[in-house]
Structure formats: C-alpha cells, structure tokens
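One structure is given here, and the rest of the page talks about it.
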Amino acid sequence: DKDVIKEYVLSHYDYDLSESLDEMRQRHEHVETCMDSMPKALVSFFEGNSYEDVIRNAVSLGGDTDTLAAIAGAMGEAYYGIPEDIRKEGSCFITTDMQAVVERFNSTVRA
C-alpha cells in the first residue's frame with residue numbers, strides 16, 4: 001500500500017513530501033542533490049497510477065530527468081511491474097551482450 005510506504009519514508013528519512021507534482025513543476029530547478037531529487041522521485045511514484053505514469057511524472061518535472069526517472073522507475077517497477085510492451089520496446093535499444101546480462105539477471109532473480 002502506498003500510504004504504508006509513504007509513512008515509512010516519512011518516519012525514517014528527512015524528506016519533505018508536502019508538495020504535489022504540480023507545485024514542484026512551478027518551482028523546479030535543475031539541482032543534483034539527494035535532498036532535492038528524492039522527494040521529486042518519491043512524489044512521482046506516489047502520484048502515479050501505473051509504471052508508465054510514474055515515469056511520465058518524473059520526466060514531466062524537467063531538469064535532471066534521467067536521475068528522477070531512474071529512481072521513480074525503480075519504485076514503479078517494484079510496485080507495478082513493467083508492462084510487457086514497454087519491456088519489449090526497451091529491449092530493442094540495448095546491445096545483444098547487454099540483453100544477455102539482463103536475461104541472466106532476470107533468471108537469477110526469478111529463481
């Protein structure tokens with residue numbers, strides 16, 4: 001449950017999660033610090049309703065979008081999983097040797 005996850009984060013880490021994505025977009029600057037990136041990634045996850053929505057939320061903030069989407073996407077994958085169509089499309093962009101690494105990793109994780 002996202003509320004349980006959010007309560008855990010708030011009770012163990014000093015992140016300000018009081019702003020919505022819309023509020024963050026209005027004041028967003030490109031800042032590469034954990035204390036700036038993590039709340040944005042977390043709120044992107046908490047406000048998302050699917051894996052793709054979580055990624056879109058993070059990218060919509062602008063700035064350091066690769067970092068924000070990587071963090072939020074990892075949470076989105078753990079919570080929602082990656083839809084097969086997105087997984088298949090993404091695999092087209094990695095080399096054959098890297099695809100083999102991903103396949104080995106996935107087979108180890110599933111075992």
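Identifiers in this document derive from the order of the structure tokens: chains are assigned A, B, ..., residues are numbered from 1 separately in each chain, and ligands are numbered from 1 in order of occurrence.
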
**Asked** Would you give me, as a ChimeraX atom specification, the residues in chain A that DSSP reads as helix (DSSP H, G or I)?
**Response** /A:2-12,21-27,34-47,51-60,65-80,84-91,96-110

**Item:** Neighbour list for Thr33 (chain A) as a ChimeraX atom specification, cut-off 12 Å, only C-alpha atoms, skip fewer than 6 positions in-chain
**Value:** /A:39-40,63-64,67-68

Output N, CA, C and O atoms for every residue in the selection just made, as a compact mmCIF listing (two decimals), in the first residue's frame.
```
# COMPACT_ATOMS: atom_id res chain seq x y z
N PRO A 39 12.74 13.62 -3.03
CA PRO A 39 11.33 13.97 -2.87
C PRO A 39 10.59 14.01 -4.22
O PRO A 39 9.45 13.56 -4.31
N LYS A 40 11.24 14.51 -5.25
CA LYS A 40 10.61 14.58 -6.57
C LYS A 40 10.33 13.18 -7.11
O LYS A 40 9.27 12.91 -7.65
N GLY A 63 14.55 19.17 -15.80
CA GLY A 63 15.82 19.14 -15.07
C GLY A 63 16.53 17.82 -15.21
O GLY A 63 16.69 17.30 -16.31
N ASP A 64 16.92 17.24 -14.11
CA ASP A 64 17.71 16.01 -14.08
C ASP A 64 16.79 14.79 -14.26
O ASP A 64 16.68 13.92 -13.40
N THR A 67 17.89 10.97 -13.81
CA THR A 67 18.01 10.54 -12.42
C THR A 67 16.63 10.36 -11.78
O THR A 67 16.35 9.35 -11.14
N LEU A 68 15.75 11.34 -11.97
CA LEU A 68 14.42 11.27 -11.39
C LEU A 68 13.66 10.04 -11.91
O LEU A 68 13.03 9.31 -11.13
```

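Within 7 Å of region 14-21 of chain A there are A:Met35, A:Pro39, A:Val43, A:Ser44, counting only C-alpha atoms and ignoring same-chain residues fewer than 5 positions away.
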
**Request:** Measuring atom to atom with only C-alpha atoms, identify which of A:Arg56, A:His30, A:Lys2, A:Arg25 is nearest to Ala78 (chain A).
**Result:** A:Lys2

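Of the listed residues A:Arg104, A:Lys6, A:His28, A:His12, the one whose atoms come nearest to Thr65 (chain A) is A:His28, with distances taken using only C-alpha atoms.
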
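The closest residue to Ser37 (chain A), picked from A:Ile55, A:Asp66, A:Ser50, A:Val9 and counting only C-alpha atoms, is A:Asp66.
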
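The smallest atom-to-atom distance between Met75 (chain A) and any of A:Ile5, A:Arg27, A:Leu10, A:Glu103, using only C-alpha atoms, is found for A:Ile5.
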
**Prompt:** Hey, can you check how far CA of Gly62 (chain A) sits from CA of Ile86 (chain A)?
**Reply:** 21.7 Å

**Message:** From the options A:Glu52, A:Glu7, A:Glu29, A:Asp22, which residue's atoms come nearest to Tyr79 (chain A), counting only C-alpha atoms?
**Reply:** A:Glu52

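Coordinates place CA of Tyr51 (chain A) at a distance of 4.9 Å from CA of Gly76 (chain A).
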
**Asked** Of the candidates A:Ser107, A:Ile71, A:Ser11, A:Ala100, which one gets nearest to Met38 (chain A) if we count only C-alpha atoms?
**Response** A:Ile71
